[in-house]
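See structure below.
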Amino acid sequence: MPRSSKRTRSGAPTSGNDVLPGATSIDEHHHHKRSRNSSLRRHLKAEDTSFSVKKCLSWFKEYTSVSEPDVLGPEGMEKFCADLGVDPENVVMLVIAYKMGAKQMGFFTQEEWLKGLTELQCDNVHKLQNKLDYLRNLLNDPHIFKAIYRYSYDFARDKEQRSLDTEVAGALLGVLLPRWALRAALCEFIARERRYRVVNRDQWCNILEFSRTVDAHLASYDADGAWPVMLDEFVEWLRANDSSMPPAS
Amino acid sequence: MSGLAETPISAKEGGNLYKKRSLPVSESCSKRVKINEMSAEEKISNFSLVNPNSNGIKMSSTSMNKPGVTAKKLIIKNFKSKPNLPDNYQETTWSKLREAVVAIQTSKSIAYSLEELYQAVENMCSHKMASQLYVNLTNLVEAHVKANIEQFLSESMDRQVFLKRMDDCWRAHCRQMIMIRSIFLYLDRTYVLQNPSIHSIWDMGLDLFRHHIAMNTLVQTRTVDGLLLLIERERGGDSVDISLLKSLLRMLSDLQIYQEAFEHKFLQATERLYAAEGQRLMRELAVPEYLAHVEKRLKEENDRLLHYLDPSTKWQLVVVVERQLLGEHVAGILGKGLAALLDAPRLHDLATLYTLFSRVKDGLAELCHHFNGYIKKKGRTIVIEPERDKTMVTELLDFKEQLDHVVNTCFQRNDKFIYSMREAFEFFINQRQNKPAELIAKFVDLKLRAGNKEATEEELERLLDKIMVLFRFIHGKDVFEAFYKKDLAKRLLVGKSASVDAEKSMLSKLKQECGGGFTCKLEGMFKDMELSKDINITYKQHLSASTETSGPGGVELSVHILTMGFWPTYRACEVRLPTELTRQQEHFTKFYLAKHSGRKLHWQPTLGHCVLRANFAQGNKELQVSLFQALVLLLFNDGDNLSFEDIKVSTNIEEGELRRTLQSLACGKARVLSKAPRGRDVQDLDHFSFNADFTNKLFRIKINQIQMKETSEEQKATEERVFQDRQYQIDAAIVRVMKMRKALSHNLLISELYNQLKFPVKPSDLKKRIESLIDRDYMERDKDNPNQYNYVA
């Protein structure tokens, strides 16, 4: 969607977790959508244009338990996803978490909730539903995608460990890079090689670079490059095991 | 150029000098001179009276007055009338000369005297008939030469006969021309000389011969082919008429058609012959024989040049032969035979090979290349096989010595070969990581250990020098250092070093090679040994001074104080010592710490050794044993028949170590303990008892060789320590570089690291360390450029 990407470029010119689209630009975006969208939207809009912190908080309370009123836990999350009509494994959930700046997968604190939804100007499930397309489109911007990718590492990481478990990493890659041709092979390689029980931050970040710069036939792969050893070994393994791969020159 | 001249001659009175009319002048000017004597009384003497011939030419010269006679006038007058030649003079004289020439050409006797003929020529020349004479003579010779050609044109003629006839014809021609020239010498010297455009008589003869006979296509082809056939036969080993060959080839040179008519074809034939021969013999002969053959061929061709070929052919001929027999087969010869020659090594053949190859273009470069390849290949087989580890170092030494010998004796110490050999050694010796360095260190240990009586000091010194040559090629010198240090420590501590001089000599060699940084720890070890000696002396003095009060008598204690860091790290292990020894230890510790406050002593039992006195049925013995062995043996003072478990509990020695210790006492050569049940290996349920029936010729028995032996754990630990050290060194280097540069691209960082690190390391190892440092937050990858690293302060 050209319009949305144009907007994000103007709204978020630099990458990084801390720079987020401002509220004004979101309004402007709304305006665009509104002008060409269905009567339902028009109806919803007419119903509620303003954002209320109070509503937002009461919406949050729908998902929390009495014992832990400040944290939205896994059960609440499941319900939240169901209300939103989105699969928990859908990449858009990652974008929402990114917007909230959520620290831990499966949990939203009240603070995170308020911060993220204030920014998105959503205080009920319908408003957020209307934002889903916009959120998905954020992924098309390479800088924002890179920020979300890097963010997901800490988001998914078990906070007791420095690194990401290989299984989690594999699942996360499935969500983030579903169309990357070598993803399945990489996941198989990591699962097979007992040496790699975890993926560290550097490896994680480089997987994205690798997926962007190295084509499926490894033609642009440079063995003398700065790729982490894990990726070098992956290429070696791939060439040894996949006869369709051209051997190293 | 008038024919007449008057020459008045005056003789000075009293002068004993007389003038003689110079004959050459008068001759060349064709002047007739008459000299008259004024006074008839004077004595006249005739000089140079040439034939008083009918043609009226008379030459005379007078010598004059005797000294003392009064001066007289000498007047020379012209003839009154000019002398005339007979009208038919030219015709008659020429017919005479022609007759003579024909007689010469037909090998008949000449009717006239040669003198007369010569005079005739001279006179004709004098009367301006020279040009006519020359033309006549030329025609005459030409006719004769033309007539000669017939004999060479007949269809079927044996080549040999043809050549013979040609030779005869040529020789006859030469002979005739010499003769003719003698007669016509005057013509040759006057008329011909004055006219540069015409040939001398001899050249005229050659020219005619060349023109009419030698340049005749048929004759020339026949001659040249005949010659080539003869040469080919000679090359094939037949004996041929060399003088005939020589004469005919001289003929070609003299006729100046050697190059165009013969040389080219000859070189072609040579090329063909040797090309075929080279191909065939390369297939049939082994390389040494082939080389010998080539050498023989070259010598033969040189002889040929001496015997009959024109020297101008030399360079081209030699080049052709070398190219066909050697140049074309350089790769073949080297590929087929070099390895075998070097393996043997066949020094003589190698020297031949070298000299021959130095003659062809790029021959030596190729030889050097193959030599290099041979070393790499053979060296690799020595190094790469783990089964050959035992003999690797000796084999390497032998190999190096053999090659040195080859280079020195056969390859004339060519620098290129020496460098190439070094390069090849360095290459193959590092084909296998670490092991060669380890084995060289162990080899040195073996040679420096006590009991190595096979070599004198000089021999040992020479051997160490050779070892250093190998050592120089090793890339991972840290491996050598680690093993050398470990073995040196054992030699020093267990007292097995053969000679301090040899140790010091080796140390200085290492220092020279690698610098002080490499050896400072080793030097520290020697220093520790010396300091320990002093400490032991003062301790003894201290003991004797304080025996009355609290000295622990009975056992003599000697302690090595080792500075941590200089010595290999030993695993800390606690063993249970008898109270006697513990008391000793405590006493010494107190003594030492009193002297050096602030230090800490760790007792290290693994390398201790002691002497025990034992009472056997056969008599008393002294046993030299390790501390562990002593601990085990001392248990048998208090009880007999102990189980493995008992011993383990009582001594607290680590299980594997204890097994080895017991094995050395009960299963080795000197069995001071008996094991039940018998067997080579120590099992958990075995029982041990004192072997009172132990016998041995010697009074003092060494059982502690076990300490010098290297266990595989020890080997692995040393190796691992080296690798660990390398990792630290890499980490340190990376941080050093990054701290200086702050931000650096991957490739630049890697190349910087290769400059700094002195041991072989793979790029992936470096990457692993880089990643580890990133993980530990010493540095980070640039967020936008994954090929760049930033230093994190």
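Identifiers in the structure tokens: chain A, B, ... in order shown; residue index from 1 per chain; ligand index from 1 in order shown.
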### Task
Within 8 Å of chain B, which residues of chain A are there when counting only C-alpha atoms? Please give them as a ChimeraX atom specification.
/A:200-202,206,209,224-229
### Message
Neighbouring residues of Ala441 of chain B were defined as those with any atom within 7 Å, considering only C-alpha atoms; residues of the same chain fewer than 2 positions away were excluded. Please report them as a PyMOL selection string.
### Response
chain B and resi 437-439+443-445+480+483-484
Store the residues picked out above in a file with C-alpha atoms, as a compact mmCIF listing (two decimals), in the first residue's frame.
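For reference, selection39.txt as written:
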```
# COMPACT_ATOMS: atom_id res chain seq x y z
CA ALA B 437 55.64 -29.40 17.29
CA GLU B 438 54.68 -31.70 20.12
CA LEU B 439 56.77 -34.56 18.79
CA PHE B 443 62.24 -35.80 20.79
CA VAL B 444 64.40 -33.13 22.39
CA ASP B 445 63.28 -34.33 25.80
CA PHE B 480 56.34 -26.78 21.24
CA PHE B 483 55.40 -29.62 25.76
CA TYR B 484 59.00 -28.62 26.07
```
### Task
Please provide the set of residues having any atom within 12 Å of Leu139 of chain A, restricted to only C-alpha atoms, with same-chain residues fewer than 4 positions apart removed, written as an NGL selection string.
:A and (1 or 4-5 or 8 or 91-96 or 98 or 132-135 or 143-149 or 175-177)
### Contacts of segment 532-546 of chain B within 12 Å, only C-alpha atoms, excl. fewer than 4 positions in-chain, as a VMD selection string
chain B and resid 492 to 493 525 to 528 550 to 563 584 587 to 596
### Task
Enumerate the residues of segment 519-639 of chain B with a DSSP assignment of alpha helix (DSSP H), computed from the backbone, and present them as a ChimeraX atom specification.
/B:519-546,579-595,627-635
List the spatial neighbours of segment 275-287 of chain B as a CSV table (one decimal) with all heavy atoms, in the first residue's frame - criterion: any atom at most 8 Å away, only C-alpha atoms, same-chain residues fewer than 3 positions off excluded.
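Contents of the output file part.csv:
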```
chain,number,residue,atom,x,y,z
B,271,GLU,N,66.7,-32.2,-36.2
B,271,GLU,CA,65.5,-32.0,-35.4
B,271,GLU,C,64.6,-33.2,-35.5
B,271,GLU,O,64.1,-33.7,-34.5
B,271,GLU,CB,64.9,-30.8,-35.9
B,271,GLU,CG,63.7,-30.3,-35.0
B,271,GLU,CD,63.7,-28.8,-34.7
B,271,GLU,OE1,64.4,-28.1,-35.5
B,271,GLU,OE2,63.1,-28.4,-33.8
B,272,ARG,N,64.4,-33.7,-36.7
B,272,ARG,CA,63.5,-34.8,-37.0
B,272,ARG,C,64.0,-36.0,-36.2
B,272,ARG,O,63.3,-36.7,-35.5
B,272,ARG,CB,63.5,-35.1,-38.5
B,272,ARG,CG,62.2,-34.6,-39.1
B,272,ARG,CD,62.0,-35.3,-40.5
B,272,ARG,NE,63.2,-35.4,-41.3
B,272,ARG,CZ,63.6,-34.4,-42.1
B,272,ARG,NH1,63.0,-33.3,-42.1
B,272,ARG,NH2,64.7,-34.6,-42.8
B,290,TYR,N,68.0,-42.6,-19.7
B,290,TYR,CA,67.7,-41.6,-20.7
B,290,TYR,C,68.6,-40.4,-20.6
B,290,TYR,O,69.2,-39.9,-21.6
B,290,TYR,CB,66.2,-41.1,-20.6
B,290,TYR,CG,65.8,-40.1,-21.6
B,290,TYR,CD1,65.5,-40.5,-22.9
B,290,TYR,CD2,65.7,-38.8,-21.3
B,290,TYR,CE1,65.1,-39.6,-23.9
B,290,TYR,CE2,65.4,-37.8,-22.3
B,290,TYR,CZ,65.1,-38.3,-23.6
B,290,TYR,OH,64.7,-37.4,-24.5
B,291,LEU,N,68.8,-40.0,-19.4
B,291,LEU,CA,69.7,-38.9,-19.1
B,291,LEU,C,71.1,-39.2,-19.6
B,291,LEU,O,71.8,-38.3,-20.2
B,291,LEU,CB,69.7,-38.5,-17.6
B,291,LEU,CG,68.4,-37.9,-17.1
B,291,LEU,CD1,68.5,-37.7,-15.6
B,291,LEU,CD2,68.1,-36.6,-17.8
B,324,GLN,N,65.1,-30.9,-28.5
B,324,GLN,CA,64.4,-32.1,-28.8
B,324,GLN,C,64.5,-33.2,-27.8
B,324,GLN,O,63.6,-33.9,-27.5
B,324,GLN,CB,64.8,-32.6,-30.2
B,324,GLN,CG,64.4,-31.8,-31.4
B,324,GLN,CD,62.9,-31.6,-31.4
B,324,GLN,OE1,62.1,-32.4,-30.9
B,324,GLN,NE2,62.4,-30.4,-31.9
B,325,LEU,N,65.7,-33.3,-27.2
B,325,LEU,CA,65.9,-34.4,-26.3
B,325,LEU,C,65.5,-34.0,-24.9
B,325,LEU,O,65.2,-34.8,-24.0
B,325,LEU,CB,67.4,-34.9,-26.3
B,325,LEU,CG,67.8,-35.6,-27.6
B,325,LEU,CD1,69.2,-36.1,-27.5
B,325,LEU,CD2,66.9,-36.8,-27.8
B,326,LEU,N,65.7,-32.7,-24.5
B,326,LEU,CA,65.4,-32.3,-23.2
B,326,LEU,C,64.2,-31.3,-23.1
B,326,LEU,O,63.2,-31.6,-22.4
B,326,LEU,CB,66.6,-31.5,-22.6
B,326,LEU,CG,67.8,-32.4,-22.3
B,326,LEU,CD1,69.0,-31.5,-22.0
B,326,LEU,CD2,67.5,-33.4,-21.2
B,329,HIS,N,60.9,-32.7,-23.2
B,329,HIS,CA,60.5,-33.7,-22.3
B,329,HIS,C,60.7,-33.3,-20.8
B,329,HIS,O,60.7,-34.2,-20.0
B,329,HIS,CB,61.3,-35.0,-22.6
B,329,HIS,CG,61.2,-35.4,-24.0
B,329,HIS,ND1,60.0,-36.0,-24.5
B,329,HIS,CD2,62.0,-35.4,-25.1
B,329,HIS,CE1,60.2,-36.3,-25.8
B,329,HIS,NE2,61.3,-35.9,-26.1
B,332,GLY,N,58.0,-34.5,-18.7
B,332,GLY,CA,58.0,-36.0,-18.7
B,332,GLY,C,59.1,-36.6,-17.9
B,332,GLY,O,58.8,-37.5,-17.1
B,333,ILE,N,60.3,-36.1,-18.0
B,333,ILE,CA,61.4,-36.6,-17.3
B,333,ILE,C,61.2,-36.4,-15.8
B,333,ILE,O,61.3,-37.3,-15.0
B,333,ILE,CB,62.7,-35.9,-17.7
B,333,ILE,CG1,63.1,-36.3,-19.1
B,333,ILE,CG2,63.8,-36.2,-16.7
B,333,ILE,CD1,64.2,-35.4,-19.7
B,336,LYS,N,58.3,-38.5,-14.5
B,336,LYS,CA,58.5,-39.9,-14.5
B,336,LYS,C,59.6,-40.3,-13.5
B,336,LYS,O,59.5,-41.4,-12.9
B,336,LYS,CB,58.9,-40.3,-15.9
B,336,LYS,CG,58.9,-41.8,-16.2
B,336,LYS,CD,59.1,-42.0,-17.7
B,336,LYS,CE,59.8,-43.3,-17.9
B,336,LYS,NZ,60.3,-43.4,-19.3
B,337,GLY,N,60.6,-39.5,-13.4
B,337,GLY,CA,61.8,-40.0,-12.8
B,337,GLY,C,62.3,-39.3,-11.5
B,337,GLY,O,63.1,-39.8,-10.8
```
### Task
Show which residues sit within 9 Å of Met392 of chain B, as a PyMOL selection string. Count only C-alpha atoms, and ignore same-chain residues fewer than 2 positions away.
chain B and resi 382-383+388-390+394-397+436+439-440
Output N, CA and C atoms for every residue in the selection just made, as a PDB file, in the first residue's frame.
```pdb
ATOM      1  N   ILE B 382      55.085 -38.292   5.663  1.00  0.00           N
ATOM      2  CA  ILE B 382      55.787 -38.510   6.934  1.00  0.00           C
ATOM      3  C   ILE B 382      54.978 -37.922   8.081  1.00  0.00           C
ATOM      4  N   VAL B 383      54.413 -36.756   7.806  1.00  0.00           N
ATOM      5  CA  VAL B 383      53.816 -35.986   8.897  1.00  0.00           C
ATOM      6  C   VAL B 383      52.383 -36.411   9.202  1.00  0.00           C
ATOM      7  N   ARG B 388      52.732 -43.099  12.143  1.00  0.00           N
ATOM      8  CA  ARG B 388      54.171 -42.875  12.006  1.00  0.00           C
ATOM      9  C   ARG B 388      54.691 -41.862  13.014  1.00  0.00           C
ATOM     10  N   ASP B 389      53.851 -41.490  13.966  1.00  0.00           N
ATOM     11  CA  ASP B 389      54.268 -40.463  14.915  1.00  0.00           C
ATOM     12  C   ASP B 389      55.562 -40.806  15.634  1.00  0.00           C
ATOM     13  N   LYS B 390      55.715 -42.103  15.936  1.00  0.00           N
ATOM     14  CA  LYS B 390      56.882 -42.496  16.729  1.00  0.00           C
ATOM     15  C   LYS B 390      58.169 -42.129  16.023  1.00  0.00           C
ATOM     16  N   THR B 394      62.627 -38.419  13.604  1.00  0.00           N
ATOM     17  CA  THR B 394      63.843 -38.982  13.002  1.00  0.00           C
ATOM     18  C   THR B 394      63.715 -39.011  11.487  1.00  0.00           C
ATOM     19  N   GLU B 395      62.535 -39.374  11.020  1.00  0.00           N
ATOM     20  CA  GLU B 395      62.357 -39.392   9.564  1.00  0.00           C
ATOM     21  C   GLU B 395      62.521 -38.013   8.975  1.00  0.00           C
ATOM     22  N   LEU B 396      61.983 -37.039   9.647  1.00  0.00           N
ATOM     23  CA  LEU B 396      62.104 -35.666   9.147  1.00  0.00           C
ATOM     24  C   LEU B 396      63.563 -35.238   9.113  1.00  0.00           C
ATOM     25  N   LEU B 397      64.287 -35.598  10.186  1.00  0.00           N
ATOM     26  CA  LEU B 397      65.698 -35.215  10.223  1.00  0.00           C
ATOM     27  C   LEU B 397      66.456 -35.871   9.076  1.00  0.00           C
ATOM     28  N   PRO B 436      53.412 -32.179  14.992  1.00  0.00           N
ATOM     29  CA  PRO B 436      54.865 -32.129  14.772  1.00  0.00           C
ATOM     30  C   PRO B 436      55.572 -31.327  15.861  1.00  0.00           C
ATOM     31  N   LEU B 439      55.818 -33.456  18.910  1.00  0.00           N
ATOM     32  CA  LEU B 439      56.767 -34.564  18.794  1.00  0.00           C
ATOM     33  C   LEU B 439      58.214 -34.078  18.783  1.00  0.00           C
ATOM     34  N   ILE B 440      58.439 -32.911  18.206  1.00  0.00           N
ATOM     35  CA  ILE B 440      59.799 -32.377  18.217  1.00  0.00           C
ATOM     36  C   ILE B 440      60.203 -32.069  19.658  1.00  0.00           C
TER      37      ILE B 440
END
```
### Query
Quick one: DSSP strand (DSSP E or B) residues in segment 53-216 of chain A, as an NGL selection string?
:A and (71-72 or 108-109 or 164-165 or 198-199)
Only all heavy atoms, please: the residues just picked out, written as a short mmCIF file (atom, residue, chain, number, x, y, z; two decimals), in the first residue's frame.
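Result saved to selection.cif:
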```
data_model
loop_
_atom_site.label_atom_id
_atom_site.label_comp_id
_atom_site.auth_asym_id
_atom_site.auth_seq_id
_atom_site.Cartn_x
_atom_site.Cartn_y
_atom_site.Cartn_z
N VAL A 71 -1.49 -6.95 35.49
CA VAL A 71 -0.81 -7.67 34.40
C VAL A 71 -1.80 -8.52 33.63
O VAL A 71 -2.59 -9.25 34.21
CB VAL A 71 0.31 -8.57 34.96
CG1 VAL A 71 0.97 -9.34 33.82
CG2 VAL A 71 1.35 -7.74 35.71
N LEU A 72 -1.73 -8.40 32.34
CA LEU A 72 -2.55 -9.23 31.47
C LEU A 72 -1.76 -10.51 31.20
O LEU A 72 -0.67 -10.46 30.60
CB LEU A 72 -2.84 -8.46 30.18
CG LEU A 72 -3.82 -9.00 29.16
CD1 LEU A 72 -4.35 -7.81 28.35
CD2 LEU A 72 -3.21 -10.01 28.23
N PHE A 108 1.07 -8.43 29.05
CA PHE A 108 1.08 -6.97 28.91
C PHE A 108 0.87 -6.38 30.30
O PHE A 108 -0.03 -6.78 31.01
CB PHE A 108 -0.08 -6.47 28.03
CG PHE A 108 0.03 -6.88 26.58
CD1 PHE A 108 -1.10 -7.23 25.85
CD2 PHE A 108 1.28 -6.91 25.94
CE1 PHE A 108 -1.01 -7.60 24.51
CE2 PHE A 108 1.36 -7.28 24.62
CZ PHE A 108 0.22 -7.63 23.90
N THR A 109 1.71 -5.45 30.66
CA THR A 109 1.42 -4.74 31.91
C THR A 109 0.46 -3.60 31.59
O THR A 109 0.32 -3.21 30.43
CB THR A 109 2.70 -4.16 32.54
OG1 THR A 109 3.23 -3.20 31.65
CG2 THR A 109 3.73 -5.22 32.80
N LEU A 164 18.24 -16.84 22.99
CA LEU A 164 16.94 -17.40 22.62
C LEU A 164 17.10 -18.90 22.41
O LEU A 164 18.03 -19.34 21.75
CB LEU A 164 16.54 -16.73 21.30
CG LEU A 164 15.09 -16.55 20.96
CD1 LEU A 164 14.38 -15.77 22.06
CD2 LEU A 164 15.00 -15.80 19.64
N ASP A 165 16.15 -19.67 22.95
CA ASP A 165 16.18 -21.10 22.67
C ASP A 165 15.97 -21.32 21.19
O ASP A 165 15.24 -20.58 20.53
CB ASP A 165 15.05 -21.81 23.45
CG ASP A 165 15.44 -21.99 24.89
OD1 ASP A 165 16.65 -22.00 25.16
OD2 ASP A 165 14.53 -22.08 25.74
N VAL A 198 21.11 -22.52 21.69
CA VAL A 198 20.50 -21.19 21.74
C VAL A 198 20.97 -20.38 20.54
O VAL A 198 21.94 -20.71 19.90
CB VAL A 198 20.91 -20.43 23.03
CG1 VAL A 198 20.34 -21.09 24.25
CG2 VAL A 198 22.42 -20.33 23.12
N VAL A 199 20.21 -19.34 20.25
CA VAL A 199 20.62 -18.37 19.23
C VAL A 199 20.88 -17.08 19.97
O VAL A 199 20.01 -16.58 20.70
CB VAL A 199 19.48 -18.18 18.21
CG1 VAL A 199 19.84 -17.08 17.22
CG2 VAL A 199 19.20 -19.48 17.49
#
```
### Query
Restricting the calculation to only C-alpha atoms, which member of A:Met105, A:Ile190, A:Leu114, A:Leu172 is positioned closest to Gly73 of chain A?
A:Met105
### Shell of 12 Å around segment 193-196 of chain A, only C-alpha atoms, local chain residues under 6 positions omitted, as an MDAnalysis selection string
chainID A and resid 163:167 169 186:187 203 229:231 233:234 237
### Task
Mind giving me the straight-line distance from atom CA of Glu188 of chain A to atom CA of Leu238 of chain A in Å, one decimal?
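Answer for the atom CA of Glu188 of chain A to atom CA of Leu238 of chain A separation: 10.3 Å.
Proximity of A:Lys61, A:His217, A:Arg150, A:Lys99 to Val235 of chain A, computed with only C-alpha atoms, is greatest for A:His217.
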